[in-house]
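Notes to accompany the following structure.
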Amino acid sequence: MDGSIMARSVGEWSVPALGIGTWALGGDWQFDGEPAGWGPVDDEESVAAVRAAHDGGVRFVDTADVYGCGHAERVVGRAIAPFRDDVVLATKVGLVFDETARTGAGSDLSAAHIRRACEESLRRLGVDHIDVYQIHPGGAGAEQAHEVVGAFEELVAAGKIRAYGTSATDPDVIAVLAAGGHAVAVQQELNVFGADEPALAACERHDLAVLARTPLAMGLLSGKYRSPDQLPAGDVRRNTPWWTFFDDDRMPEWLARLDAVRDVLTSGGRTLVQGALAYVWARSERAVALPGIRTAAQARELVGALNHGPLAADQLAAVDRLLLGPAPSTT
């Protein structure tokens, strides 16, 4: 595996600082009765996108069993089949769903559910092991994490998974995983608009990789969107409790902040997307950015960011200075 381009350590692996996220490849589905996908997908284009990312140097692919209620895992498995051993494959567990109905609700981090869900993920992905298995539910607590680590360690011993991590970023949860023996990463918010500072600090403390989700602020930092009406009606970004980037009453504030830093991010011939990724890499030397992809064209633009590298220290400082002040509410 080539980890020479802006290499980042994720446990035993050395990978380029750019990975990909695949939530958008799941298509339409619902969770807790609300749209949870990014609109309709073309599976052929999805496969082409993943393969174009690999062609450009990406070696970390992140998905989750719940994305599309299993659909994203099936697409990812098909896409990486020709080069399975050349990528670090990560997926997540803990959210409950029905594959046939394409609906989900609630969470389950019991050892029994984790064992069963792992087998189902292996089946959908068409692989004999998962490289990084992650806690998905953000509300997971330290007490639950002890049972999860026990189950994860059993799966490591059985050869079903190689290592594990968490998308639940409570420092107490991170500490429990870090003590387990095979923890390698914490998936967390990190983009131009802000970072999960306690999670970043915990990764430093426990020597874990930072898997930077939302590095493009759910697409807002692409510069393509000026109104939420540009998103499909069933797009999760239009009505979610987790982000306000596309809320009718908040989007103008976020766009104003984007406009304030546009010139810095696009300096040196970078596109806005490439500048947003460069910020993430400048912000943390542990960060593997995980922008979502849908098309091969997007993948090619993303991998072009590797050629530019991180922002310089003065550029990083300039972005942070320009964005000083109260951020729009995220609740």
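Just remember, in the structure tokens the first chain shown is A, the second B, etc., residues are 1-based per chain, and ligands are 1-based in the order shown.
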
If you count only C-alpha atoms, which residues fall within 9 Å of Asp172 of chain A, apart from same-chain ones fewer than 5 positions away, as a PyMOL selection string?
chain A and resi 141-142+145+177

Store the residues of this selection in a file with C-alpha atoms, as a PDB file, in the first residue's frame.
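That gives us out-v9.pdb:
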```pdb
ATOM      1  CA  GLY A 141     -21.387   6.148  26.753  1.00  0.00           C
ATOM      2  CA  ALA A 142     -18.366   4.786  28.590  1.00  0.00           C
ATOM      3  CA  ALA A 145     -18.065   1.108  25.451  1.00  0.00           C
ATOM      4  CA  LEU A 177     -11.441   2.061  23.487  1.00  0.00           C
TER       5      LEU A 177
END
```

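Neighbouring residues of Asp235 of chain A at 7 Å or closer, counting only C-alpha atoms and skipping chain neighbours under 3 positions away, are Pro35, Gly37, Trp38, Gly39, Leu231, Pro232 and Arg238 of chain A.
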
Create the file for the chosen residues now, containing all heavy atoms and written as a PDB file, in the first residue's frame.
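What landed in selection_1.pdb:
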```pdb
ATOM      1  N   PRO A  35     -36.075  11.355   6.156  1.00  0.00           N
ATOM      2  CA  PRO A  35     -35.089  11.041   5.121  1.00  0.00           C
ATOM      3  C   PRO A  35     -33.683  11.038   5.707  1.00  0.00           C
ATOM      4  O   PRO A  35     -33.311  11.926   6.465  1.00  0.00           O
ATOM      5  CB  PRO A  35     -35.262  12.180   4.113  1.00  0.00           C
ATOM      6  CG  PRO A  35     -36.656  12.665   4.316  1.00  0.00           C
ATOM      7  CD  PRO A  35     -36.917  12.519   5.789  1.00  0.00           C
ATOM      8  N   GLY A  37     -30.911   9.776   3.548  1.00  0.00           N
ATOM      9  CA  GLY A  37     -29.978   9.662   2.440  1.00  0.00           C
ATOM     10  C   GLY A  37     -29.735  11.002   1.775  1.00  0.00           C
ATOM     11  O   GLY A  37     -30.235  12.036   2.216  1.00  0.00           O
ATOM     12  N   TRP A  38     -28.974  10.969   0.701  1.00  0.00           N
ATOM     13  CA  TRP A  38     -28.618  12.185  -0.032  1.00  0.00           C
ATOM     14  C   TRP A  38     -29.315  12.241  -1.387  1.00  0.00           C
ATOM     15  O   TRP A  38     -28.830  12.884  -2.315  1.00  0.00           O
ATOM     16  CB  TRP A  38     -27.108  12.260  -0.242  1.00  0.00           C
ATOM     17  CG  TRP A  38     -26.304  12.425   1.004  1.00  0.00           C
ATOM     18  CD1 TRP A  38     -26.394  11.707   2.154  1.00  0.00           C
ATOM     19  CD2 TRP A  38     -25.249  13.377   1.217  1.00  0.00           C
ATOM     20  NE1 TRP A  38     -25.472  12.131   3.068  1.00  0.00           N
ATOM     21  CE2 TRP A  38     -24.748  13.160   2.522  1.00  0.00           C
ATOM     22  CE3 TRP A  38     -24.677  14.368   0.430  1.00  0.00           C
ATOM     23  CZ2 TRP A  38     -23.710  13.909   3.053  1.00  0.00           C
ATOM     24  CZ3 TRP A  38     -23.637  15.109   0.967  1.00  0.00           C
ATOM     25  CH2 TRP A  38     -23.163  14.893   2.258  1.00  0.00           C
ATOM     26  N   GLY A  39     -30.441  11.535  -1.512  1.00  0.00           N
ATOM     27  CA  GLY A  39     -31.145  11.508  -2.776  1.00  0.00           C
ATOM     28  C   GLY A  39     -30.772  10.297  -3.612  1.00  0.00           C
ATOM     29  O   GLY A  39     -29.937   9.478  -3.223  1.00  0.00           O
ATOM     30  N   LEU A 231     -30.992  21.347  -3.141  1.00  0.00           N
ATOM     31  CA  LEU A 231     -30.907  19.949  -2.727  1.00  0.00           C
ATOM     32  C   LEU A 231     -32.216  19.233  -3.039  1.00  0.00           C
ATOM     33  O   LEU A 231     -33.294  19.836  -2.974  1.00  0.00           O
ATOM     34  CB  LEU A 231     -30.631  19.860  -1.229  1.00  0.00           C
ATOM     35  CG  LEU A 231     -29.333  20.499  -0.717  1.00  0.00           C
ATOM     36  CD1 LEU A 231     -29.286  20.429   0.800  1.00  0.00           C
ATOM     37  CD2 LEU A 231     -28.123  19.809  -1.328  1.00  0.00           C
ATOM     38  N   PRO A 232     -32.162  17.938  -3.354  1.00  0.00           N
ATOM     39  CA  PRO A 232     -33.393  17.166  -3.561  1.00  0.00           C
ATOM     40  C   PRO A 232     -34.258  17.182  -2.306  1.00  0.00           C
ATOM     41  O   PRO A 232     -33.754  17.312  -1.181  1.00  0.00           O
ATOM     42  CB  PRO A 232     -32.890  15.752  -3.859  1.00  0.00           C
ATOM     43  CG  PRO A 232     -31.471  15.908  -4.274  1.00  0.00           C
ATOM     44  CD  PRO A 232     -30.952  17.113  -3.553  1.00  0.00           C
ATOM     45  N   ARG A 238     -31.264  18.729   4.278  1.00  0.00           N
ATOM     46  CA  ARG A 238     -32.288  19.767   4.367  1.00  0.00           C
ATOM     47  C   ARG A 238     -32.975  19.794   5.723  1.00  0.00           C
ATOM     48  O   ARG A 238     -33.572  20.802   6.101  1.00  0.00           O
ATOM     49  CB  ARG A 238     -33.336  19.569   3.266  1.00  0.00           C
ATOM     50  CG  ARG A 238     -32.790  19.731   1.869  1.00  0.00           C
ATOM     51  CD  ARG A 238     -33.902  19.891   0.861  1.00  0.00           C
ATOM     52  NE  ARG A 238     -34.659  21.128   1.090  1.00  0.00           N
ATOM     53  CZ  ARG A 238     -35.424  21.708   0.170  1.00  0.00           C
ATOM     54  NH1 ARG A 238     -35.531  21.177  -1.031  1.00  0.00           N
ATOM     55  NH2 ARG A 238     -36.080  22.807   0.436  1.00  0.00           N
TER      56      ARG A 238
END
```

Residue contacts of segment 44-48 of chain A (9 Å, only C-alpha atoms) excluding same-chain residues fewer than 2 positions away, as a PyMOL selection string:
chain A and resi 22+25+41-42+50-53+75-76+78-80+293-296

Write a file of the selected residues as an mmCIF file, in the first residue's frame, keeping N, CA and C atoms.
```
data_model
loop_
_atom_site.group_PDB
_atom_site.id
_atom_site.type_symbol
_atom_site.label_atom_id
_atom_site.label_comp_id
_atom_site.auth_asym_id
_atom_site.auth_seq_id
_atom_site.Cartn_x
_atom_site.Cartn_y
_atom_site.Cartn_z
ATOM 1 N N THR A 22 -18.737 7.407 2.224
ATOM 2 C CA THR A 22 -19.665 6.842 1.248
ATOM 3 C C THR A 22 -21.133 6.874 1.688
ATOM 4 N N LEU A 25 -23.629 7.245 -1.117
ATOM 5 C CA LEU A 25 -23.794 6.143 -2.059
ATOM 6 C C LEU A 25 -24.920 5.199 -1.663
ATOM 7 N N VAL A 41 -29.327 7.611 -6.328
ATOM 8 C CA VAL A 41 -27.952 7.344 -6.762
ATOM 9 C C VAL A 41 -27.958 6.447 -7.997
ATOM 10 N N ASP A 42 -26.878 6.525 -8.726
ATOM 11 C CA ASP A 42 -26.601 5.629 -9.841
ATOM 12 C C ASP A 42 -25.454 4.729 -9.394
ATOM 13 N N VAL A 50 -15.643 5.511 -6.594
ATOM 14 C CA VAL A 50 -14.718 4.861 -5.660
ATOM 15 C C VAL A 50 -13.441 4.439 -6.382
ATOM 16 N N ARG A 51 -13.587 3.909 -7.567
ATOM 17 C CA ARG A 51 -12.406 3.463 -8.314
ATOM 18 C C ARG A 51 -11.557 4.635 -8.794
ATOM 19 N N ALA A 52 -12.194 5.748 -9.149
ATOM 20 C CA ALA A 52 -11.430 6.934 -9.535
ATOM 21 C C ALA A 52 -10.647 7.481 -8.353
ATOM 22 N N ALA A 53 -11.247 7.425 -7.165
ATOM 23 C CA ALA A 53 -10.528 7.856 -5.965
ATOM 24 C C ALA A 53 -9.304 6.983 -5.734
ATOM 25 N N VAL A 75 -22.341 -1.611 -2.455
ATOM 26 C CA VAL A 75 -21.711 -0.857 -3.542
ATOM 27 C C VAL A 75 -20.209 -0.739 -3.305
ATOM 28 N N VAL A 76 -19.825 -0.417 -2.080
ATOM 29 C CA VAL A 76 -18.396 -0.295 -1.757
ATOM 30 C C VAL A 76 -17.681 -1.623 -1.976
ATOM 31 N N ARG A 78 -18.409 -4.027 -3.980
ATOM 32 C CA ARG A 78 -18.255 -4.255 -5.421
ATOM 33 C C ARG A 78 -17.155 -3.367 -5.998
ATOM 34 N N ALA A 79 -17.121 -2.110 -5.563
ATOM 35 C CA ALA A 79 -16.156 -1.159 -6.122
ATOM 36 C C ALA A 79 -14.717 -1.533 -5.795
ATOM 37 N N ILE A 80 -14.470 -1.983 -4.577
ATOM 38 C CA ILE A 80 -13.086 -2.231 -4.159
ATOM 39 C C ILE A 80 -12.626 -3.657 -4.442
ATOM 40 N N ILE A 293 -18.257 11.249 -1.484
ATOM 41 C CA ILE A 293 -18.210 11.291 -2.944
ATOM 42 C C ILE A 293 -19.484 10.699 -3.524
ATOM 43 N N ARG A 294 -19.802 11.138 -4.745
ATOM 44 C CA ARG A 294 -20.913 10.568 -5.510
ATOM 45 C C ARG A 294 -20.500 10.265 -6.944
ATOM 46 N N THR A 295 -19.545 11.041 -7.488
ATOM 47 C CA THR A 295 -19.196 10.903 -8.893
ATOM 48 C C THR A 295 -17.682 10.792 -9.081
ATOM 49 N N ALA A 296 -17.285 10.260 -10.223
ATOM 50 C CA ALA A 296 -15.871 10.148 -10.548
ATOM 51 C C ALA A 296 -15.238 11.524 -10.687
#
```

Applying 6 Å and only C-alpha atoms, which residues near segment 310-320 of chain A remain after dropping the ones on its own chain fewer than 5 positions away? List them as JSON, numbers by chain.
{"A": [261, 278, 279, 281, 282]}

Give me a file of those residues, with all heavy atoms, as a PDB file, in the first residue's frame.
```pdb
ATOM      1  N   VAL A 261     -13.526  33.556   3.747  1.00  0.00           N
ATOM      2  CA  VAL A 261     -12.251  32.819   3.680  1.00  0.00           C
ATOM      3  C   VAL A 261     -11.969  32.256   2.287  1.00  0.00           C
ATOM      4  O   VAL A 261     -10.958  31.577   2.085  1.00  0.00           O
ATOM      5  CB  VAL A 261     -12.216  31.674   4.720  1.00  0.00           C
ATOM      6  CG1 VAL A 261     -12.322  32.240   6.127  1.00  0.00           C
ATOM      7  CG2 VAL A 261     -13.328  30.664   4.468  1.00  0.00           C
ATOM      8  N   ALA A 278      -7.185  21.263   2.505  1.00  0.00           N
ATOM      9  CA  ALA A 278      -5.872  21.748   2.938  1.00  0.00           C
ATOM     10  C   ALA A 278      -5.940  22.327   4.345  1.00  0.00           C
ATOM     11  O   ALA A 278      -4.993  22.206   5.129  1.00  0.00           O
ATOM     12  CB  ALA A 278      -5.360  22.801   1.956  1.00  0.00           C
ATOM     13  N   TYR A 279      -7.071  22.953   4.674  1.00  0.00           N
ATOM     14  CA  TYR A 279      -7.255  23.472   6.032  1.00  0.00           C
ATOM     15  C   TYR A 279      -7.240  22.323   7.045  1.00  0.00           C
ATOM     16  O   TYR A 279      -6.580  22.401   8.093  1.00  0.00           O
ATOM     17  CB  TYR A 279      -8.572  24.242   6.142  1.00  0.00           C
ATOM     18  CG  TYR A 279      -8.852  24.709   7.551  1.00  0.00           C
ATOM     19  CD1 TYR A 279      -8.405  25.956   7.989  1.00  0.00           C
ATOM     20  CD2 TYR A 279      -9.522  23.895   8.465  1.00  0.00           C
ATOM     21  CE1 TYR A 279      -8.627  26.376   9.300  1.00  0.00           C
ATOM     22  CE2 TYR A 279      -9.741  24.299   9.764  1.00  0.00           C
ATOM     23  CZ  TYR A 279      -9.298  25.539  10.171  1.00  0.00           C
ATOM     24  OH  TYR A 279      -9.507  25.936  11.478  1.00  0.00           O
ATOM     25  N   TRP A 281      -5.884  19.399   6.875  1.00  0.00           N
ATOM     26  CA  TRP A 281      -4.546  18.822   7.030  1.00  0.00           C
ATOM     27  C   TRP A 281      -3.615  19.745   7.803  1.00  0.00           C
ATOM     28  O   TRP A 281      -2.742  19.277   8.540  1.00  0.00           O
ATOM     29  CB  TRP A 281      -3.956  18.509   5.655  1.00  0.00           C
ATOM     30  CG  TRP A 281      -4.732  17.451   4.936  1.00  0.00           C
ATOM     31  CD1 TRP A 281      -5.389  16.385   5.491  1.00  0.00           C
ATOM     32  CD2 TRP A 281      -4.935  17.347   3.524  1.00  0.00           C
ATOM     33  NE1 TRP A 281      -5.987  15.621   4.511  1.00  0.00           N
ATOM     34  CE2 TRP A 281      -5.728  16.187   3.293  1.00  0.00           C
ATOM     35  CE3 TRP A 281      -4.536  18.112   2.422  1.00  0.00           C
ATOM     36  CZ2 TRP A 281      -6.128  15.781   2.022  1.00  0.00           C
ATOM     37  CZ3 TRP A 281      -4.920  17.708   1.155  1.00  0.00           C
ATOM     38  CH2 TRP A 281      -5.710  16.563   0.954  1.00  0.00           C
ATOM     39  N   ALA A 282      -3.809  21.055   7.639  1.00  0.00           N
ATOM     40  CA  ALA A 282      -2.998  22.004   8.402  1.00  0.00           C
ATOM     41  C   ALA A 282      -3.408  22.016   9.875  1.00  0.00           C
ATOM     42  O   ALA A 282      -2.583  22.236  10.761  1.00  0.00           O
ATOM     43  CB  ALA A 282      -3.134  23.409   7.806  1.00  0.00           C
TER      44      ALA A 282
END
```

What's the 7 Å shell around segment 179-187 of chain A, counting only C-alpha atoms, without same-chain residues fewer than 3 positions away, as a list in words?
Val10, Gly11, Val149, Ala163, Tyr164, Gly165, Thr166, Ser167, Ala175, Val176, Leu208, Ala209, Val210, Leu211, Ala212 and Arg213 of chain A

If you keep all heavy atoms, can you produce a file of those selected residues as a tab-separated table (two decimals), in the first residue's frame?
```tsv
chain	number	residue	atom	x	y	z
A	10	VAL	N	-2.62	5.13	10.65
A	10	VAL	CA	-3.87	4.64	11.23
A	10	VAL	C	-3.55	3.23	11.73
A	10	VAL	O	-3.58	2.27	10.97
A	10	VAL	CB	-5.01	4.60	10.19
A	10	VAL	CG1	-6.30	4.11	10.84
A	10	VAL	CG2	-5.22	5.96	9.55
A	11	GLY	N	-3.18	3.16	12.99
A	11	GLY	CA	-2.75	1.88	13.51
A	11	GLY	C	-1.53	1.37	12.76
A	11	GLY	O	-0.53	2.08	12.60
A	149	VAL	N	-15.97	-2.92	23.49
A	149	VAL	CA	-14.56	-3.31	23.36
A	149	VAL	C	-14.40	-4.82	23.53
A	149	VAL	O	-13.63	-5.47	22.80
A	149	VAL	CB	-13.69	-2.54	24.37
A	149	VAL	CG1	-12.30	-3.15	24.45
A	149	VAL	CG2	-13.59	-1.08	23.98
A	163	ALA	N	-8.86	-3.98	13.55
A	163	ALA	CA	-8.73	-2.90	14.53
A	163	ALA	C	-10.09	-2.24	14.68
A	163	ALA	O	-11.06	-2.60	13.99
A	163	ALA	CB	-7.68	-1.89	14.07
A	164	TYR	N	-10.16	-1.24	15.58
A	164	TYR	CA	-11.46	-0.59	15.78
A	164	TYR	C	-11.28	0.87	16.16
A	164	TYR	O	-10.18	1.36	16.43
A	164	TYR	CB	-12.29	-1.33	16.82
A	164	TYR	CG	-11.58	-1.70	18.11
A	164	TYR	CD1	-11.40	-0.78	19.13
A	164	TYR	CD2	-11.12	-3.01	18.30
A	164	TYR	CE1	-10.78	-1.14	20.31
A	164	TYR	CE2	-10.49	-3.37	19.48
A	164	TYR	CZ	-10.32	-2.43	20.49
A	164	TYR	OH	-9.70	-2.80	21.65
A	165	GLY	N	-12.41	1.58	16.14
A	165	GLY	CA	-12.43	3.00	16.47
A	165	GLY	C	-13.83	3.40	16.87
A	165	GLY	O	-14.68	2.55	17.15
A	166	THR	N	-14.07	4.70	16.87
A	166	THR	CA	-15.38	5.19	17.30
A	166	THR	C	-15.75	6.49	16.61
A	166	THR	O	-14.89	7.33	16.34
A	166	THR	CB	-15.40	5.41	18.83
A	166	THR	OG1	-16.68	5.95	19.21
A	166	THR	CG2	-14.32	6.37	19.29
A	167	SER	N	-17.04	6.62	16.31
A	167	SER	CA	-17.60	7.90	15.86
A	167	SER	C	-18.28	8.62	17.02
A	167	SER	O	-18.72	9.74	16.85
A	167	SER	CB	-18.62	7.67	14.74
A	167	SER	OG	-17.96	7.48	13.50
A	175	ALA	N	-11.30	6.90	25.76
A	175	ALA	CA	-10.35	6.32	26.71
A	175	ALA	C	-10.58	4.83	26.90
A	175	ALA	O	-9.63	4.05	26.99
A	175	ALA	CB	-10.46	7.04	28.06
A	176	VAL	N	-11.86	4.42	26.95
A	176	VAL	CA	-12.17	2.99	27.10
A	176	VAL	C	-11.66	2.22	25.89
A	176	VAL	O	-11.04	1.16	26.01
A	176	VAL	CB	-13.68	2.78	27.29
A	176	VAL	CG1	-14.03	1.29	27.23
A	176	VAL	CG2	-14.15	3.37	28.61
A	208	LEU	N	-4.04	8.30	18.61
A	208	LEU	CA	-5.01	7.75	17.67
A	208	LEU	C	-5.13	8.66	16.44
A	208	LEU	O	-4.92	9.87	16.53
A	208	LEU	CB	-6.38	7.63	18.34
A	208	LEU	CG	-6.46	6.74	19.58
A	208	LEU	CD1	-7.82	6.86	20.24
A	208	LEU	CD2	-6.17	5.28	19.21
A	209	ALA	N	-5.48	8.06	15.31
A	209	ALA	CA	-5.70	8.84	14.10
A	209	ALA	C	-6.99	9.64	14.20
A	209	ALA	O	-7.95	9.23	14.86
A	209	ALA	CB	-5.75	7.92	12.89
A	210	VAL	N	-7.01	10.76	13.52
A	210	VAL	CA	-8.20	11.61	13.42
A	210	VAL	C	-8.84	11.35	12.06
A	210	VAL	O	-8.27	11.68	11.02
A	210	VAL	CB	-7.83	13.10	13.54
A	210	VAL	CG1	-9.03	13.99	13.23
A	210	VAL	CG2	-7.28	13.40	14.93
A	211	LEU	N	-10.02	10.74	12.05
A	211	LEU	CA	-10.76	10.54	10.82
A	211	LEU	C	-11.74	11.71	10.70
A	211	LEU	O	-12.73	11.78	11.43
A	211	LEU	CB	-11.51	9.20	10.84
A	211	LEU	CG	-10.63	7.97	11.03
A	211	LEU	CD1	-11.47	6.70	11.01
A	211	LEU	CD2	-9.54	7.90	9.95
A	212	ALA	N	-11.39	12.67	9.83
A	212	ALA	CA	-12.10	13.95	9.79
A	212	ALA	C	-13.35	13.86	8.93
A	212	ALA	O	-13.28	13.90	7.70
A	212	ALA	CB	-11.18	15.04	9.26
A	213	ARG	N	-14.51	13.70	9.60
A	213	ARG	CA	-15.76	13.71	8.86
A	213	ARG	C	-16.22	15.15	8.63
A	213	ARG	O	-15.74	16.07	9.28
A	213	ARG	CB	-16.83	12.90	9.57
A	213	ARG	CG	-17.23	13.39	10.95
A	213	ARG	CD	-18.42	12.59	11.47
A	213	ARG	NE	-18.79	13.00	12.82
A	213	ARG	CZ	-18.62	12.27	13.91
A	213	ARG	NH1	-18.05	11.08	13.81
A	213	ARG	NH2	-18.99	12.71	15.09
```

For segment 97-100 of chain A, list every protein, DNA or RNA residue within 8 Å, evaluated using only C-alpha atoms, and leave out those in the same chain fewer than 2 positions away; present the list as number ranges by chain.
A: 31, 66, 69-70, 95, 102-105

Can you write just those residues out, N, CA and C atoms, as a CSV table (one decimal), in the first residue's frame?
```
chain,number,residue,atom,x,y,z
A,31,PHE,N,-34.5,7.1,8.5
A,31,PHE,CA,-34.2,6.7,9.9
A,31,PHE,C,-35.0,7.6,10.8
A,66,VAL,N,-25.5,1.1,8.1
A,66,VAL,CA,-26.8,1.7,8.0
A,66,VAL,C,-27.0,2.6,6.8
A,69,CYS,N,-29.3,1.5,4.4
A,69,CYS,CA,-29.7,0.2,5.0
A,69,CYS,C,-29.0,-1.0,4.4
A,70,GLY,N,-27.7,-0.9,4.3
A,70,GLY,CA,-26.9,-1.9,3.7
A,70,GLY,C,-26.5,-1.7,2.3
A,95,LEU,N,-26.3,1.1,14.8
A,95,LEU,CA,-27.7,1.7,14.4
A,95,LEU,C,-28.5,0.5,13.8
A,102,ARG,N,-35.7,-0.6,4.0
A,102,ARG,CA,-34.8,0.6,3.9
A,102,ARG,C,-35.2,1.7,4.9
A,103,THR,N,-35.5,1.2,6.1
A,103,THR,CA,-35.8,2.1,7.2
A,103,THR,C,-35.0,1.6,8.5
A,104,GLY,N,-34.8,2.6,9.4
A,104,GLY,CA,-34.1,2.3,10.6
A,104,GLY,C,-34.6,3.1,11.7
A,105,ALA,N,-34.2,2.7,13.0
A,105,ALA,CA,-34.6,3.4,14.2
A,105,ALA,C,-33.8,2.8,15.3
```

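When only C-alpha atoms are used to compute distances to His308 of chain A, the closest of the residues A:Arg321, A:Arg84, A:Arg270, A:His129 turns out to be A:Arg270.
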
Taking the backbone alone, and naming residues the way the document does, which bits of segment 99-274 of chain A are strand (DSSP E or B) by DSSP, as JSON, numbers by chain?
{"A": [103, 104, 105, 106, 107, 130, 131, 132, 133, 134, 135, 161, 162, 163, 164, 165, 166, 183, 184, 185, 186, 187, 188, 189, 190, 191, 194, 195, 209, 210, 211, 212, 213]}

Spatial neighbours of segment 189-197 of chain A, max dist 7 Å, only C-alpha atoms, sep filter under 3 positions, as a PyMOL selection string
chain A and resi 200-201+212-217+276+279-280

Write down as a PyMOL selection string the residues belonging to segment 68-127 of chain A that are assigned alpha helix (DSSP H) by DSSP computed on the backbone.
chain A and resi 71-80+111-125

Print the selection's residues with N, CA and C atoms to a file, as an mmCIF file, in the first residue's frame.
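Final file, selection_33.cif:
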```
data_model
loop_
_atom_site.group_PDB
_atom_site.id
_atom_site.type_symbol
_atom_site.label_atom_id
_atom_site.label_comp_id
_atom_site.auth_asym_id
_atom_site.auth_seq_id
_atom_site.Cartn_x
_atom_site.Cartn_y
_atom_site.Cartn_z
ATOM 1 N N HIS A 71 -27.115 -0.760 1.587
ATOM 2 C CA HIS A 71 -26.822 -0.571 0.164
ATOM 3 C C HIS A 71 -25.410 -0.038 -0.072
ATOM 4 N N ALA A 72 -24.981 0.935 0.731
ATOM 5 C CA ALA A 72 -23.645 1.505 0.530
ATOM 6 C C ALA A 72 -22.569 0.439 0.703
ATOM 7 N N GLU A 73 -22.725 -0.435 1.690
ATOM 8 C CA GLU A 73 -21.728 -1.496 1.868
ATOM 9 C C GLU A 73 -21.658 -2.402 0.638
ATOM 10 N N ARG A 74 -22.807 -2.735 0.079
ATOM 11 C CA ARG A 74 -22.780 -3.588 -1.111
ATOM 12 C C ARG A 74 -22.072 -2.898 -2.278
ATOM 13 N N VAL A 75 -22.341 -1.611 -2.455
ATOM 14 C CA VAL A 75 -21.711 -0.857 -3.542
ATOM 15 C C VAL A 75 -20.209 -0.739 -3.305
ATOM 16 N N VAL A 76 -19.825 -0.417 -2.080
ATOM 17 C CA VAL A 76 -18.396 -0.295 -1.757
ATOM 18 C C VAL A 76 -17.681 -1.623 -1.976
ATOM 19 N N GLY A 77 -18.287 -2.712 -1.523
ATOM 20 C CA GLY A 77 -17.664 -4.015 -1.704
ATOM 21 C C GLY A 77 -17.424 -4.335 -3.164
ATOM 22 N N ARG A 78 -18.409 -4.027 -3.980
ATOM 23 C CA ARG A 78 -18.255 -4.255 -5.421
ATOM 24 C C ARG A 78 -17.155 -3.367 -5.998
ATOM 25 N N ALA A 79 -17.121 -2.110 -5.563
ATOM 26 C CA ALA A 79 -16.156 -1.159 -6.122
ATOM 27 C C ALA A 79 -14.717 -1.533 -5.795
ATOM 28 N N ILE A 80 -14.470 -1.983 -4.577
ATOM 29 C CA ILE A 80 -13.086 -2.231 -4.159
ATOM 30 C C ILE A 80 -12.626 -3.657 -4.442
ATOM 31 N N ALA A 111 -23.144 -6.883 22.677
ATOM 32 C CA ALA A 111 -22.181 -7.785 22.054
ATOM 33 C C ALA A 111 -22.863 -8.686 21.031
ATOM 34 N N ALA A 112 -24.069 -9.134 21.337
ATOM 35 C CA ALA A 112 -24.785 -10.016 20.413
ATOM 36 C C ALA A 112 -25.079 -9.305 19.102
ATOM 37 N N HIS A 113 -25.531 -8.063 19.199
ATOM 38 C CA HIS A 113 -25.822 -7.317 17.969
ATOM 39 C C HIS A 113 -24.552 -7.065 17.173
ATOM 40 N N ILE A 114 -23.468 -6.712 17.844
ATOM 41 C CA ILE A 114 -22.207 -6.426 17.149
ATOM 42 C C ILE A 114 -21.717 -7.657 16.401
ATOM 43 N N ARG A 115 -21.781 -8.819 17.045
ATOM 44 C CA ARG A 115 -21.338 -10.051 16.371
ATOM 45 C C ARG A 115 -22.186 -10.338 15.136
ATOM 46 N N ARG A 116 -23.500 -10.202 15.289
ATOM 47 C CA ARG A 116 -24.402 -10.465 14.169
ATOM 48 C C ARG A 116 -24.208 -9.436 13.054
ATOM 49 N N ALA A 117 -24.118 -8.163 13.422
ATOM 50 C CA ALA A 117 -23.969 -7.099 12.431
ATOM 51 C C ALA A 117 -22.650 -7.218 11.682
ATOM 52 N N CYS A 118 -21.603 -7.657 12.367
ATOM 53 C CA CYS A 118 -20.313 -7.836 11.703
ATOM 54 C C CYS A 118 -20.419 -8.879 10.598
ATOM 55 N N GLU A 119 -21.063 -9.990 10.888
ATOM 56 C CA GLU A 119 -21.233 -11.031 9.871
ATOM 57 C C GLU A 119 -22.012 -10.488 8.674
ATOM 58 N N GLU A 120 -23.038 -9.692 8.946
ATOM 59 C CA GLU A 120 -23.847 -9.141 7.859
ATOM 60 C C GLU A 120 -23.041 -8.138 7.039
ATOM 61 N N SER A 121 -22.206 -7.330 7.691
ATOM 62 C CA SER A 121 -21.355 -6.392 6.955
ATOM 63 C C SER A 121 -20.342 -7.133 6.096
ATOM 64 N N LEU A 122 -19.747 -8.182 6.634
ATOM 65 C CA LEU A 122 -18.804 -8.980 5.850
ATOM 66 C C LEU A 122 -19.488 -9.556 4.604
ATOM 67 N N ARG A 123 -20.724 -9.996 4.773
ATOM 68 C CA ARG A 123 -21.469 -10.549 3.640
ATOM 69 C C ARG A 123 -21.735 -9.488 2.583
ATOM 70 N N ARG A 124 -22.223 -8.335 3.015
ATOM 71 C CA ARG A 124 -22.549 -7.279 2.044
ATOM 72 C C ARG A 124 -21.297 -6.755 1.352
ATOM 73 N N LEU A 125 -20.228 -6.604 2.101
ATOM 74 C CA LEU A 125 -18.982 -6.089 1.534
ATOM 75 C C LEU A 125 -18.251 -7.126 0.686
#
```

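Atom to atom, atom CA of Thr271 of chain A and atom CA of Glu301 of chain A stand 8.2 Å apart.
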
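Computed from the coordinates, the atom CA of Ser222 of chain A to atom CA of Gly309 of chain A distance equals 17.5 Å.
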